[in-house]
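**Q** Sharing protein_33.tsv here; it has TSV, C-alpha atoms and all ligand atoms.
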```tsv
chain	number	residue	atom	x	y	z
A	1	MET	CA	-28.99	25.75	-1.97
A	2	SER	CA	-29.70	28.55	-4.39
A	3	GLY	CA	-30.81	26.19	-7.15
A	4	ARG	CA	-29.47	27.92	-10.27
A	5	LEU	CA	-29.23	24.49	-11.91
A	6	ASP	CA	-32.37	22.94	-10.43
A	7	ALA	CA	-33.95	20.32	-12.72
A	8	ARG	CA	-30.78	20.18	-14.85
A	9	THR	CA	-28.58	17.16	-15.39
A	10	ALA	CA	-24.82	17.24	-15.83
A	11	LEU	CA	-21.92	15.01	-16.81
A	12	VAL	CA	-18.45	16.18	-15.72
A	13	THR	CA	-15.47	14.18	-16.98
A	14	GLY	CA	-12.29	14.03	-14.93
A	15	SER	CA	-14.26	14.68	-11.74
A	16	THR	CA	-12.54	12.30	-9.34
A	17	SER	CA	-10.15	15.10	-8.37
A	18	GLY	CA	-9.07	18.68	-8.93
A	19	LEU	CA	-11.02	21.08	-11.10
A	20	GLY	CA	-13.55	18.51	-12.31
A	21	ARG	CA	-14.41	17.51	-8.77
A	22	ALA	CA	-14.85	21.20	-7.87
A	23	ILE	CA	-17.13	21.73	-10.88
A	24	ALA	CA	-19.19	18.65	-10.00
A	25	ASP	CA	-19.50	19.83	-6.38
A	26	ALA	CA	-20.62	23.29	-7.52
A	27	PHE	CA	-23.16	21.92	-10.03
A	28	ALA	CA	-24.64	19.54	-7.47
A	29	ALA	CA	-24.81	22.34	-4.87
A	30	GLU	CA	-26.84	24.39	-7.37
A	31	GLY	CA	-29.35	21.56	-7.79
A	32	ALA	CA	-28.08	19.65	-10.83
A	33	HIS	CA	-28.18	15.88	-10.77
A	34	THR	CA	-24.52	15.32	-11.59
A	35	VAL	CA	-22.63	12.31	-12.94
A	36	LEU	CA	-18.94	12.15	-12.10
A	37	THR	CA	-16.48	10.01	-14.02
A	38	GLY	CA	-12.82	8.98	-13.99
A	39	ARG	CA	-10.68	5.88	-13.54
A	40	ASN	CA	-10.27	6.10	-9.76
A	41	LYS	CA	-13.25	4.18	-8.42
A	42	THR	CA	-12.55	4.91	-4.75
A	43	ALA	CA	-12.21	8.65	-5.33
A	44	GLY	CA	-15.36	8.73	-7.49
A	45	GLU	CA	-17.44	6.76	-5.02
A	46	ASP	CA	-16.16	8.84	-2.08
A	47	ALA	CA	-17.05	12.06	-3.93
A	48	VAL	CA	-20.56	10.81	-4.65
A	49	ALA	CA	-21.01	9.64	-1.05
A	50	ALA	CA	-19.98	13.10	0.22
A	51	LEU	CA	-22.40	14.82	-2.16
A	52	ARG	CA	-25.28	12.54	-1.23
A	53	ALA	CA	-24.54	13.03	2.48
A	54	ALA	CA	-24.96	16.77	1.85
A	55	GLY	CA	-28.33	16.12	0.20
A	56	ARG	CA	-27.14	16.48	-3.41
A	57	ARG	CA	-27.97	14.20	-6.33
A	58	ALA	CA	-24.88	12.51	-7.80
A	59	ASP	CA	-23.69	9.27	-9.39
A	60	PHE	CA	-20.35	7.88	-10.51
A	61	VAL	CA	-19.43	6.10	-13.74
A	62	PRO	CA	-15.94	4.57	-13.73
A	63	ALA	CA	-14.22	4.74	-17.11
A	64	ASP	CA	-10.82	5.03	-18.74
A	65	LEU	CA	-11.17	7.58	-21.53
A	66	ALA	CA	-7.77	6.54	-22.90
A	67	GLU	CA	-9.68	3.57	-24.32
A	68	GLY	CA	-11.16	5.85	-26.97
A	69	VAL	CA	-14.58	5.91	-28.59
A	70	PRO	CA	-16.07	2.83	-26.84
A	71	ALA	CA	-15.24	4.38	-23.45
A	72	ALA	CA	-16.73	7.74	-24.41
A	73	ARG	CA	-19.86	6.00	-25.70
A	74	HIS	CA	-20.13	3.97	-22.48
A	75	VAL	CA	-19.84	7.12	-20.31
A	76	ALA	CA	-22.48	8.93	-22.37
A	77	GLU	CA	-24.89	5.99	-22.24
A	78	GLU	CA	-24.44	5.38	-18.51
A	79	ALA	CA	-24.84	9.09	-17.78
A	80	GLU	CA	-28.06	9.22	-19.79
A	81	ARG	CA	-29.36	6.15	-18.01
A	82	LEU	CA	-28.57	7.54	-14.54
A	83	LEU	CA	-29.87	11.01	-15.42
A	84	GLY	CA	-33.30	9.93	-16.62
A	85	GLY	CA	-32.47	9.88	-20.33
A	86	ARG	CA	-30.89	13.29	-20.77
A	87	VAL	CA	-27.64	15.16	-20.23
A	88	ASP	CA	-28.25	18.94	-20.21
A	89	ILE	CA	-24.70	20.01	-19.36
A	90	LEU	CA	-21.50	18.31	-20.52
A	91	VAL	CA	-18.13	19.36	-19.11
A	92	ASN	CA	-15.18	17.96	-21.08
A	93	ASN	CA	-12.59	18.32	-18.35
A	94	ALA	CA	-10.62	15.05	-18.17
A	95	GLY	CA	-7.03	15.76	-19.02
A	96	ILE	CA	-3.45	14.65	-18.62
A	97	VAL	CA	-0.42	16.92	-18.74
A	98	PRO	CA	2.51	15.31	-20.56
A	99	VAL	CA	5.57	17.49	-20.03
A	100	GLY	CA	8.99	17.13	-21.64
A	101	PRO	CA	11.14	17.78	-24.68
A	102	THR	CA	9.41	17.15	-27.99
A	103	ASP	CA	12.11	14.70	-29.10
A	104	GLU	CA	11.62	12.52	-26.01
A	105	PHE	CA	7.93	11.65	-26.42
A	106	ASP	CA	7.06	8.24	-27.82
A	107	GLU	CA	4.06	7.52	-30.01
A	108	GLU	CA	2.10	5.89	-27.19
A	109	THR	CA	2.36	8.99	-24.96
A	110	TYR	CA	1.45	11.20	-27.91
A	111	ASP	CA	-1.64	9.13	-28.75
A	112	ARG	CA	-2.71	8.90	-25.10
A	113	ALA	CA	-2.60	12.69	-24.67
A	114	TRP	CA	-4.72	13.25	-27.76
A	115	THR	CA	-7.16	10.51	-26.83
A	116	VAL	CA	-7.78	11.66	-23.24
A	117	ASN	CA	-7.57	15.42	-23.86
A	118	VAL	CA	-9.25	15.73	-27.27
A	119	LYS	CA	-10.76	12.55	-28.70
A	120	SER	CA	-12.90	11.86	-25.63
A	121	ALA	CA	-14.27	15.42	-25.71
A	122	PHE	CA	-14.90	15.16	-29.44
A	123	PHE	CA	-16.90	11.93	-29.27
A	124	LEU	CA	-18.76	12.79	-26.06
A	125	THR	CA	-19.88	16.06	-27.62
A	126	ALA	CA	-20.78	14.30	-30.88
A	127	ARG	CA	-22.88	11.82	-28.90
A	128	LEU	CA	-24.61	14.29	-26.53
A	129	ALA	CA	-24.86	17.74	-28.16
A	130	PRO	CA	-27.32	16.77	-30.93
A	131	ALA	CA	-29.73	15.38	-28.32
A	132	MET	CA	-29.40	18.62	-26.32
A	133	GLY	CA	-30.27	20.56	-29.46
A	134	ALA	CA	-33.24	18.31	-30.20
A	135	ARG	CA	-34.58	19.03	-26.68
A	136	GLY	CA	-34.25	22.78	-27.26
A	137	GLY	CA	-30.89	23.52	-25.68
A	138	GLY	CA	-27.96	22.57	-23.54
A	139	VAL	CA	-24.45	23.50	-22.50
A	140	VAL	CA	-20.98	22.20	-23.29
A	141	ILE	CA	-18.01	23.51	-21.30
A	142	ASN	CA	-14.51	22.51	-22.34
A	143	THR	CA	-11.48	22.81	-20.09
A	144	GLY	CA	-8.67	24.45	-22.03
A	145	SER	CA	-5.52	26.02	-20.64
A	146	ILE	CA	-3.69	29.32	-20.62
A	147	VAL	CA	-0.74	27.53	-22.25
A	148	VAL	CA	-2.32	27.77	-25.71
A	149	SER	CA	-1.30	31.40	-26.05
A	150	HIS	CA	2.20	31.05	-24.55
A	151	GLY	CA	5.13	29.11	-25.91
A	152	LEU	CA	6.39	27.14	-22.92
A	153	ALA	CA	9.38	24.82	-23.33
A	154	GLY	CA	8.36	21.28	-22.48
A	155	SER	CA	4.69	21.94	-23.15
A	156	ALA	CA	4.44	21.33	-26.91
A	157	LEU	CA	2.33	18.17	-26.78
A	158	TYR	CA	0.02	19.32	-24.00
A	159	SER	CA	-0.41	22.82	-25.48
A	160	ALA	CA	-1.30	21.38	-28.87
A	161	THR	CA	-4.11	19.29	-27.36
A	162	LYS	CA	-5.49	22.32	-25.52
A	163	ALA	CA	-5.27	24.49	-28.65
A	164	ALA	CA	-7.39	21.83	-30.35
A	165	ILE	CA	-9.93	22.12	-27.52
A	166	GLU	CA	-10.14	25.92	-27.98
A	167	SER	CA	-10.65	25.43	-31.70
A	168	LEU	CA	-13.33	22.81	-31.13
A	169	THR	CA	-15.18	25.21	-28.82
A	170	MET	CA	-15.48	27.78	-31.61
A	171	SER	CA	-16.44	25.19	-34.24
A	172	TRP	CA	-19.04	23.64	-31.96
A	173	ALA	CA	-20.44	27.05	-31.04
A	174	ALA	CA	-21.03	27.60	-34.76
A	175	GLU	CA	-22.40	24.10	-35.29
A	176	TYR	CA	-24.60	23.61	-32.23
A	177	GLY	CA	-25.27	27.20	-31.11
A	178	PRO	CA	-28.09	27.68	-33.62
A	179	ARG	CA	-29.76	24.62	-32.01
A	180	GLY	CA	-29.60	26.23	-28.56
A	181	VAL	CA	-26.45	24.51	-27.33
A	182	ARG	CA	-23.96	26.99	-25.86
A	183	VAL	CA	-20.32	25.90	-26.06
A	184	ASN	CA	-17.55	27.71	-24.16
A	185	THR	CA	-14.07	27.11	-22.75
A	186	ILE	CA	-12.69	27.69	-19.29
A	187	SER	CA	-8.93	28.18	-19.55
A	188	PRO	CA	-7.33	27.70	-16.15
A	189	GLY	CA	-3.74	28.18	-15.15
A	190	LEU	CA	-1.70	28.10	-11.95
A	191	VAL	CA	-4.44	26.29	-10.02
A	192	VAL	CA	-3.20	23.80	-7.46
A	193	THR	CA	-4.76	20.38	-7.94
A	194	GLU	CA	-3.68	16.76	-7.69
A	195	GLY	CA	-2.57	17.24	-11.32
A	196	THR	CA	-0.29	20.24	-10.71
A	197	VAL	CA	0.91	19.67	-7.16
A	198	GLY	CA	4.08	17.97	-8.51
A	199	GLY	CA	5.27	21.27	-9.99
A	200	LEU	CA	4.05	23.42	-7.11
A	201	GLU	CA	7.26	25.41	-6.62
A	202	ARG	CA	7.35	26.48	-10.28
A	203	VAL	CA	3.63	27.33	-10.28
A	204	GLU	CA	3.96	29.38	-7.07
A	205	ALA	CA	6.90	31.31	-8.53
A	206	MET	CA	4.90	32.13	-11.67
A	207	ALA	CA	1.83	33.10	-9.65
A	208	ALA	CA	3.82	35.46	-7.45
A	209	GLY	CA	4.17	37.92	-10.33
A	210	SER	CA	0.49	37.90	-11.29
A	211	PRO	CA	-2.06	40.50	-10.16
A	212	ALA	CA	-3.58	37.98	-7.73
A	213	GLY	CA	-0.10	37.16	-6.45
A	214	ARG	CA	-1.00	33.60	-5.52
A	215	VAL	CA	-1.89	30.23	-6.97
A	216	GLY	CA	-5.53	29.43	-7.60
A	217	ARG	CA	-7.69	27.04	-5.59
A	218	ALA	CA	-9.69	24.32	-7.35
A	219	GLU	CA	-12.97	25.51	-5.85
A	220	GLU	CA	-12.48	28.90	-7.55
A	221	ILE	CA	-13.53	27.32	-10.86
A	222	GLY	CA	-16.97	26.35	-9.51
A	223	PRO	CA	-18.74	29.74	-9.72
A	224	LEU	CA	-17.49	30.33	-13.28
A	225	ALA	CA	-18.65	26.89	-14.41
A	226	VAL	CA	-22.04	27.39	-12.74
A	227	TYR	CA	-22.41	30.76	-14.47
A	228	LEU	CA	-21.61	29.26	-17.90
A	229	ALA	CA	-23.98	26.35	-17.29
A	230	SER	CA	-26.83	28.57	-16.12
A	231	ASP	CA	-29.30	30.75	-17.99
A	232	ASP	CA	-27.35	33.80	-16.74
A	233	ALA	CA	-24.95	33.01	-19.61
A	234	ALA	CA	-27.73	32.76	-22.22
A	235	TYR	CA	-25.89	35.12	-24.60
A	236	VAL	CA	-22.43	33.58	-24.12
A	237	HIS	CA	-21.32	31.39	-27.03
A	238	GLY	CA	-17.92	30.28	-28.31
A	239	SER	CA	-15.88	32.16	-25.72
A	240	SER	CA	-12.86	31.34	-23.63
A	241	PHE	CA	-12.73	32.43	-19.98
A	242	THR	CA	-9.31	32.67	-18.39
A	243	LEU	CA	-8.94	31.70	-14.73
A	244	ASP	CA	-5.34	32.42	-13.77
A	245	GLY	CA	-5.25	35.35	-11.33
A	246	GLY	CA	-4.35	37.62	-14.24
A	247	TRP	CA	-1.03	35.90	-15.06
A	248	SER	CA	-1.71	35.80	-18.82
A	249	THR	CA	-2.36	39.48	-19.20
A	250	ALA	CA	-0.65	41.46	-16.46
A	251	ARG	CA	2.35	41.57	-14.13
A	252	ARG	CA	2.71	43.29	-10.76
B	1	LIG	N1	-4.76	22.93	-12.57
B	1	LIG	C1	-4.42	23.80	-13.50
B	1	LIG	O1	-3.77	24.84	-13.24
B	1	LIG	C2	-4.83	23.58	-14.92
B	1	LIG	C3	-4.42	24.52	-15.84
B	1	LIG	C4	-4.83	24.39	-17.15
B	1	LIG	C5	-5.63	23.34	-17.51
B	1	LIG	N2	-6.00	22.40	-16.61
B	1	LIG	C6	-6.85	21.31	-17.09
B	1	LIG	O2	-7.87	21.06	-16.15
B	1	LIG	C7	-8.30	19.71	-16.26
B	1	LIG	C8	-8.30	19.10	-14.88
B	1	LIG	O3	-6.97	19.08	-14.39
B	1	LIG	P1	-6.63	19.16	-12.84
B	1	LIG	O4	-5.60	20.22	-12.68
B	1	LIG	O5	-7.87	19.21	-12.05
B	1	LIG	O6	-5.86	17.77	-12.65
B	1	LIG	P2	-6.26	16.41	-11.92
B	1	LIG	O7	-6.59	16.67	-10.50
B	1	LIG	O8	-5.14	15.48	-12.22
B	1	LIG	O9	-7.58	15.93	-12.65
B	1	LIG	C9	-7.56	15.23	-13.86
B	1	LIG	C10	-8.85	14.46	-13.99
B	1	LIG	O10	-8.85	13.78	-15.26
B	1	LIG	C11	-9.12	12.41	-15.05
B	1	LIG	N3	-8.44	11.55	-16.01
B	1	LIG	C12	-7.11	11.54	-16.31
B	1	LIG	N4	-6.85	10.53	-17.18
B	1	LIG	C13	-8.04	9.92	-17.42
B	1	LIG	C14	-8.42	8.80	-18.21
B	1	LIG	N5	-7.53	8.08	-18.92
B	1	LIG	N6	-9.72	8.42	-18.23
B	1	LIG	C15	-10.64	9.11	-17.50
B	1	LIG	N7	-10.34	10.18	-16.73
B	1	LIG	C16	-9.05	10.56	-16.69
B	1	LIG	C17	-8.62	12.12	-13.64
B	1	LIG	O11	-9.35	11.04	-13.09
B	1	LIG	P3	-8.74	9.57	-12.79
B	1	LIG	O12	-7.34	9.75	-12.30
B	1	LIG	O13	-9.70	9.03	-11.77
B	1	LIG	O14	-8.83	8.83	-14.08
B	1	LIG	C18	-8.98	13.40	-12.90
B	1	LIG	O15	-10.30	13.35	-12.43
B	1	LIG	C19	-7.35	19.05	-17.26
B	1	LIG	O16	-7.97	19.03	-18.53
B	1	LIG	C20	-6.15	19.97	-17.26
B	1	LIG	O17	-5.43	19.90	-18.47
B	1	LIG	C21	-5.61	22.50	-15.31
```
Would you mind writing the file out in structure tokens?
**A**
Amino acid sequence: MSGRLDARTALVTGSTSGLGRAIADAFAAEGAHTVLTGRNKTAGEDAVAALRAAGRRADFVPADLAEGVPAARHVAEEAERLLGGRVDILVNNAGIVPVGPTDEFDEETYDRAWTVNVKSAFFLTARLAPAMGARGGGVVINTGSIVVSHGLAGSALYSATKAAIESLTMSWAAEYGPRGVRVNTISPGLVVTEGTVGGLERVEAMAAGSPAGRVGRAEEIGPLAVYLASDDAAYVHGSSFTLDGGWSTARR
């Protein structure tokens, strides 16, 4: 263990699978006591058991962030309790990907997407970032998406929630940065996870034309998240880091 996050505490939402799980694994491997959360109790408890078996410090808080502010408050309070009263690093990663024509979404699906993807991040940050600032510093990492800068048919609802996340990153960098809280976005794309495996063929076809020429692996987000969470990124505020094998900016 290299210990770049030794003595730090972290809360990673949406960490029962995919990118969040990979971030939680990477944080714990670097020494952070890490709280995982999500709805899937079995997956969360299995992830924590695997981390503990490897000698890491980890706990799981089951929660459904679609339940809004009370759920976000519960996750924040439980994380603080389990982490000795402080959360140094918050990763707002929980997300759902509603796909379809704009005229086919109902109000419930619309509200659910905004609640899980944006509202939970908003109220978790509101609850935890001021305390980070009062302690002298902290880190918030938001999971965005490459879709915010590309018009993709069928992605209107999802893209709008992720554009809100990018905007919040910049606003929070301005608001909390002066108090020592660094806020940044990781914008993934074309990474195979439990959340994207359903559209694997389409994702593989898109990835084939990128400089990397392949889809991404969940664990490839870990080193970037560790960097942003660590003091190595001390001068990095309000930025968005793309993780898509170059698909957004270049073609072979
Ligand atoms: N993979 C990609 O290429 C890609 C690209 C761009 C952006 N992203 C973003 O990356 C993040 C992670 O996605 P992923 O690809 O890793 O997909 P994933 O494997 O489906 O992970 C989604 C995570 O969010 C949690 N979650 C979903 N609904 C929730 C709810 N109501 N309450 C609490 N937790 C909830 C899930 O946990 P439970 O099921 O246990 O609740 C799971 O841990 C998302 O924000 C997604 O939009 C991914």
**Q** Between A:Ala72, A:Val140, A:Leu200, A:Val48, which is the closest to A:Trp172 once you count only C-alpha atoms?
**A** A:Val140
**Q** Could you give me, as a ChimeraX atom specification, the residues that sit within 12 Å of (-19.0, 18.1, -30.9) in the file's coordinates, counting all atoms listed in the file?
**A** /A:90-92,118-133,139-142,165,167-177,181-184
**Q** Here is a test: counting all atoms listed in the file, which residue of A:Pro188, A:Gly85, A:Gly216, A:Gly245 is nearest to ligand LIG 1 (chain B)?
**A** A:Pro188
**Q** Using only C-alpha atoms and all ligand atoms, which residues of chain A come within 7 Å of ligand LIG 1 (chain B), and what is the closest atom pair for each, with the distance in Å to one decimal? Give it as a tab-separated table, sorted by chain and residue number.
**A**
```
residue	atom	partner	partner_atom	distance
A:Thr13	CA	B:LIG1	N7	6.5
A:Gly14	CA	B:LIG1	O15	3.3
A:Ser15	CA	B:LIG1	O15	4.2
A:Thr16	CA	B:LIG1	O15	4.0
A:Ser17	CA	B:LIG1	O15	4.4
A:Gly18	CA	B:LIG1	O5	3.4
A:Leu19	CA	B:LIG1	O5	3.8
A:Gly20	CA	B:LIG1	O5	5.7
A:Arg21	CA	B:LIG1	O15	6.9
A:Thr37	CA	B:LIG1	N7	6.7
A:Gly38	CA	B:LIG1	O13	3.8
A:Arg39	CA	B:LIG1	O14	3.5
A:Asn40	CA	B:LIG1	O13	3.6
A:Lys41	CA	B:LIG1	O13	6.9
A:Ala43	CA	B:LIG1	O13	6.9
A:Ala63	CA	B:LIG1	C15	5.7
A:Asp64	CA	B:LIG1	N6	3.6
A:Leu65	CA	B:LIG1	N6	3.7
A:Ala66	CA	B:LIG1	N5	4.3
A:Asn93	CA	B:LIG1	O16	4.7
A:Ala94	CA	B:LIG1	O10	3.6
A:Gly95	CA	B:LIG1	O16	3.4
A:Ile96	CA	B:LIG1	C12	5.3
A:Val97	CA	B:LIG1	O17	5.8
A:Val116	CA	B:LIG1	N5	5.6
A:Asn117	CA	B:LIG1	O16	6.4
A:Thr143	CA	B:LIG1	O16	5.4
A:Gly144	CA	B:LIG1	C5	5.6
A:Ser145	CA	B:LIG1	C4	3.9
A:Ile146	CA	B:LIG1	C4	6.1
A:Ser187	CA	B:LIG1	C4	6.1
A:Pro188	CA	B:LIG1	C4	4.3
A:Gly189	CA	B:LIG1	C3	3.8
A:Leu190	CA	B:LIG1	O1	4.1
A:Val191	CA	B:LIG1	O1	3.6
A:Val192	CA	B:LIG1	N1	5.4
A:Thr193	CA	B:LIG1	O4	4.8
A:Glu194	CA	B:LIG1	O7	4.0
A:Gly195	CA	B:LIG1	O8	3.2
A:Thr196	CA	B:LIG1	N1	5.5
```
**Q** My list of candidates is A:Ile221, A:Ala113, A:Ala79, A:Ala53. Which is closest to A:Ala24 when distances are computed with all atoms listed in the file?
**A**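 Of A:Ile221, A:Ala113, A:Ala79, A:Ala53, the one nearest A:Ala24 is A:Ile221, counting all atoms listed in the file.
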